[in-house]
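Heads up: the structure comes next, in structure tokens.
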Amino acid sequence: MHPVFSPIRRLPLYLLAWIPLAFLLAYLFSIAGGVSGRESAMLAFPLCLIYAFVCLDAWYLTRVTPLARSGFARLVLTHLAGAIFATELWVLSARFLVKLLFAGDPASLMRIRFPAEVPVIVAMGVMLYLLAVAFYYVVLALQASQQAEARFMEARMLARDAELKALKAQVNPHFLFNSLNSISALAGSDPAKAREMCILLADFLRRTLGLGEKATIPLEEELSLIRAFLAVEKVRFGSRVRMQEEIAPEVLQVKVPPLLLQPLVENAVLHGIANLIEGGDIRLRATGDGGWVTIVVENTYDPDAPARRRNGVGLANVRQRLETRYGNKATFAIATEENWFRVTLGLPKFAEEPS
Amino acid sequence: MTNGAERKIRAVIVDDEELARQILREYLGAHPNIELIAECANGFEAVKTVAEQKPDLVFLDIQMPKLDGFEVLELMGTGSAAVIFVTAYDNHAIRAFDVHAVDYLLKPIGRERFEAALHRASERLSGKAPAMPPAPDLAAAARPPSQYLDRIPVRDGVRVYIIPVAKLDYAEAQDDYIELHAEGKKYLKQQTISSLEAALDPARFLRIHRSYLVNLERVARIEPYAKESHVAVLSNGATLSVSRAGYARLRAFLDR
């Protein structure tokens, strides 16, 4: 689509730009032919209006002759031919206009002096046409860069979407296989307990799957997911897992991205509890303050334990998701204090879904 | 220890989860020729038990508190025990096991797979199957690529020391052993200096001599010593010979 017509409201702007050119042309007419300003203007204004439309076709020529992919000779020949054709058309229209406007006016100088104006028309015609060509090349370049940017943004959005989907669907295989092993062990010694563990595991998996489709969930729902997760881990680790919750009632309904805290608790089990012979504690605290929610997940850990293989991946994911969701409006901090490992999240309190 | 003509296989289970130990115990219960002599819930216990009781067969979990399965294997030394690794999910480790033909069981453990592993282990014990590969090689292969060691476990009798690599000043080769120098103490470990070199971050540890692997942070200065040779002086005052190739490596590192 022609950039001057799409949207159509650009057309008046385009014609407005020609008004100074019409003044310039009128001025040149009056000098070259020594005709009055009135007669010069009478010819220059309609002439410019015509040329404004003639020059529109330069767009189609520039589009089929892209700057980067056309040879120099082809570029020059195409636009020179365009310029000559347009100028020829303009001279003819000028001749016709002079006859139309000044035929009945015996005092008109323009009628007589017109041949002196032709070089002005030719020079201006070629120059304006080439200006139009240059202008359209700029428009083309702008359009290309806008498209490239749009494509880039789109690609990034798609990548982000894919990442989120993968993240939501992610169930740590370690967790799953270890849980199945526990069930298998219980099936021999304590079938009732094995059945209970199957149900706990199914409950957790079902919640995870359901949450994957939602953009945000109330904090309360995330907490109940965490409890389901820990119920399974408690069968595996027995009394080695100890959990404490301190949740301020006013933040229970705050909307959070699903599975934001569960990876932190999973981390606490994997890198904290699992490395402690006597087990350890996990503390979950959430408080509200004005438009702000602070969530703390902390656990005891063995400071001498080596950095485990997956360590950091879960944390990095949570940090990344906060960034994508909230930009710089959320905070994420990791601290260690003696044998405590602490992750602190600060989120804006959204009643509705964050954009 | 003997049961008629047939000698009983003495087995140890190492896993931090009670339920995981329970299932192995149950499967072993069906084999009267195998005697379960101990169960360990962490790496330290495992190293101690293996050193004291010298079992024939060890079921070794990989993810455990204190010492992981590879570290336990390393500290057990190349004894006569057959090791069957037990793991839930560990891509790198499983690939390493396959390459080195080490027996392993995946959780949840199936009875048939368990019997097959047990069969291979008893063949290994009776000398019909090849022995285990050197533990450091196996551990290195099981480590994800581009991840270097961040601590070195050393066993002295039944005692286990853990040396964080940041505290290691240098390692000195002594035949099949290496002497680790850290915080003014010396630890002897059965390992070659090249395999330790390969497991440590080359940006932090440099082989300056056939016999010396040095922590670059500890190098205070390099001094010329006799004609065309140098010594490295460490911040604790120790001086180490620098070979010509080692000097070139040091220069290349410093120029970087």
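Ordered as shown in the structure tokens, chains take letters A, B, and onward, while each chain numbers its residues from 1 and ligands are numbered from 1 in the order shown.
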
Extract, using only C-alpha atoms, all DNA, RNA and protein residues at most 10 Å from Pro3 of chain A, discarding same-chain residues fewer than 6 positions from it, and format them as JSON, numbers by chain.
-> {"A": [10, 11, 56, 59, 136, 139, 140, 143]}

Test item: residues at most 10 Å from Gly237 of chain B, only C-alpha atoms, excluding those fewer than 6 positions along its chain, as a PyMOL selection string | chain B and resi 218-220

Saved selection, atoms kept: N, CA and C atoms, as a short mmCIF file (atom, residue, chain, number, x, y, z; two decimals), in the first residue's frame:
```cif
data_model
loop_
_atom_site.label_atom_id
_atom_site.label_comp_id
_atom_site.auth_asym_id
_atom_site.auth_seq_id
_atom_site.Cartn_x
_atom_site.Cartn_y
_atom_site.Cartn_z
N ARG B 218 47.80 -18.67 45.18
CA ARG B 218 48.81 -18.73 46.22
C ARG B 218 50.20 -18.32 45.74
N VAL B 219 50.34 -18.17 44.44
CA VAL B 219 51.67 -17.84 43.92
C VAL B 219 51.97 -16.37 44.21
N ALA B 220 53.00 -16.13 45.05
CA ALA B 220 53.35 -14.75 45.39
C ALA B 220 54.28 -14.18 44.33
#
```

Please provide the set of residues having any atom within 6 Å of Gly33 of chain A, restricted to only C-alpha atoms, with same-chain residues fewer than 4 positions apart removed, written as JSON, numbers by chain.
-> {"A": [29, 113, 116]}

What's the 10 Å shell around Gly82 of chain A, counting only C-alpha atoms, without same-chain residues fewer than 4 positions away, as a list in words?
->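 So the residues in contact are Cys55, Asp57, Ala58, Leu61, Val76, Leu77, Thr78, Ala86, Thr87, Glu88, Val126, Tyr129, Leu130 and Val133 of chain A.
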
With 9 Å as the cut-off and only C-alpha atoms counted, what is the closest atom pair between each nearby residue of chain B and chain A? Distances in Å to one decimal, ordered by chain and number, as a Markdown table.
```
| residue | atom | partner | partner_atom | distance |
| --- | --- | --- | --- | --- |
| B:Asp16 | CA | A:Ile277 | CA | 7.8 |
| B:Glu17 | CA | A:Phe237 | CA | 6.2 |
| B:Glu18 | CA | A:Arg236 | CA | 7.6 |
| B:Leu19 | CA | A:Ser182 | CA | 5.5 |
| B:Ala20 | CA | A:Ser182 | CA | 6.3 |
| B:Arg21 | CA | A:Ala185 | CA | 8.6 |
| B:Gln22 | CA | A:Ala185 | CA | 6.3 |
| B:Ile23 | CA | A:Ala185 | CA | 4.8 |
| B:Leu24 | CA | A:Ala185 | CA | 8.5 |
| B:Glu26 | CA | A:Gly188 | CA | 8.2 |
| B:Ala41 | CA | A:Ile277 | CA | 7.6 |
| B:Asn42 | CA | A:Ile277 | CA | 6.9 |
| B:Gln63 | CA | A:Ala274 | CA | 8.0 |
| B:Met64 | CA | A:Asn275 | CA | 6.1 |
| B:Pro65 | CA | A:Asn275 | CA | 3.7 |
| B:Lys66 | CA | A:Ala305 | CA | 6.2 |
| B:Leu67 | CA | A:Ala305 | CA | 8.0 |
| B:Thr87 | CA | A:Asn178 | CA | 8.7 |
| B:Ala88 | CA | A:Phe177 | CA | 5.5 |
| B:Tyr89 | CA | A:His174 | CA | 5.4 |
| B:Asp90 | CA | A:His174 | CA | 8.1 |
| B:Leu106 | CA | A:Phe177 | CA | 8.5 |
| B:Lys107 | CA | A:Asn181 | CA | 5.4 |
| B:Pro108 | CA | A:Asn181 | CA | 3.9 |
| B:Ile109 | CA | A:Asn181 | CA | 6.7 |
| B:Gly110 | CA | A:Ser184 | CA | 8.9 |
| B:Arg143 | CA | A:Arg309 | CA | 8.6 |
| B:Pro144 | CA | A:Arg309 | CA | 7.8 |
| B:Gln147 | CA | A:Arg309 | CA | 8.5 |
| B:Leu149 | CA | A:Pro306 | CA | 8.8 |
| B:Asp150 | CA | A:Pro306 | CA | 6.6 |
| B:Arg151 | CA | A:Pro306 | CA | 7.0 |
| B:Ile162 | CA | A:Asp304 | CA | 8.6 |
| B:Pro164 | CA | A:Asp304 | CA | 8.5 |
```

Using C-alpha atoms, can you export the residues from the last selection as an mmCIF file, in the first residue's frame?
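The resulting again.cif:
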```
data_model
loop_
_atom_site.group_PDB
_atom_site.id
_atom_site.type_symbol
_atom_site.label_atom_id
_atom_site.label_comp_id
_atom_site.auth_asym_id
_atom_site.auth_seq_id
_atom_site.Cartn_x
_atom_site.Cartn_y
_atom_site.Cartn_z
ATOM 1 C CA ASP B 16 19.885 -41.814 52.868
ATOM 2 C CA GLU B 17 16.237 -42.728 52.364
ATOM 3 C CA GLU B 18 14.834 -45.453 54.596
ATOM 4 C CA LEU B 19 12.300 -46.595 51.989
ATOM 5 C CA ALA B 20 15.003 -46.904 49.357
ATOM 6 C CA ARG B 21 17.047 -49.104 51.710
ATOM 7 C CA GLN B 22 13.958 -51.096 52.551
ATOM 8 C CA ILE B 23 13.295 -52.239 49.002
ATOM 9 C CA LEU B 24 16.895 -53.384 48.504
ATOM 10 C CA GLU B 26 13.548 -56.932 50.699
ATOM 11 C CA ALA B 41 22.363 -43.501 55.692
ATOM 12 C CA ASN B 42 25.175 -41.196 54.558
ATOM 13 C CA GLN B 63 22.700 -38.252 46.030
ATOM 14 C CA MET B 64 23.456 -38.316 49.725
ATOM 15 C CA PRO B 65 24.348 -35.911 52.539
ATOM 16 C CA LYS B 66 28.024 -35.186 53.319
ATOM 17 C CA LEU B 67 29.648 -37.338 50.660
ATOM 18 C CA THR B 87 20.185 -43.509 41.247
ATOM 19 C CA ALA B 88 16.842 -41.950 40.415
ATOM 20 C CA TYR B 89 17.717 -39.797 37.469
ATOM 21 C CA ASP B 90 21.091 -38.558 36.456
ATOM 22 C CA LEU B 106 17.467 -46.988 38.399
ATOM 23 C CA LYS B 107 14.784 -46.086 40.899
ATOM 24 C CA PRO B 108 12.164 -47.407 41.096
ATOM 25 C CA ILE B 109 14.134 -50.637 41.144
ATOM 26 C CA GLY B 110 12.582 -53.608 39.377
ATOM 27 C CA ARG B 143 30.429 -35.007 36.244
ATOM 28 C CA PRO B 144 28.527 -32.730 33.848
ATOM 29 C CA GLN B 147 31.925 -28.478 35.936
ATOM 30 C CA LEU B 149 35.672 -30.186 41.406
ATOM 31 C CA ASP B 150 35.015 -27.808 44.281
ATOM 32 C CA ARG B 151 36.254 -30.059 47.066
ATOM 33 C CA ILE B 162 37.156 -32.717 53.021
ATOM 34 C CA PRO B 164 37.671 -27.264 49.646
#
```

Residue nearest Gly290 of chain A among A:Met1, A:Leu347, A:Ile8, A:Val64 (counting only C-alpha atoms) =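 Counting only C-alpha atoms, the residue closest to Gly290 of chain A is A:Leu347.
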
Selection near Leu57 of chain B, 6 Å with only C-alpha atoms, sequence-local residues under 6 positions removed, as a PyMOL selection string = chain B and resi 11+81-83

Extract the full set of strand (DSSP E) residues from segment 15-248 of chain B according to DSSP on the backbone, and format it as an NGL selection string.
-> :B and (34-40 or 57-61 or 82-87 or 104-106 or 151-156 or 159-164 or 168-174 or 177-182 or 185-190 or 205-209 or 212-215 or 219-224 or 230-234 or 239-242)

Hey, what's within 12 Å of Ala101 of chain B if we count only C-alpha atoms and toss same-chain stuff fewer than 5 positions away? As a VMD selection string, please?
-> chain B and resid 83 to 85 93 to 96 117 120 to 121 124 129 to 133 138

Interatomic distance between atom CA of Leu315 of chain A and atom CA of Ala228 of chain A?
->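 Answer for the atom CA of Leu315 of chain A to atom CA of Ala228 of chain A separation: 20.5 Å.
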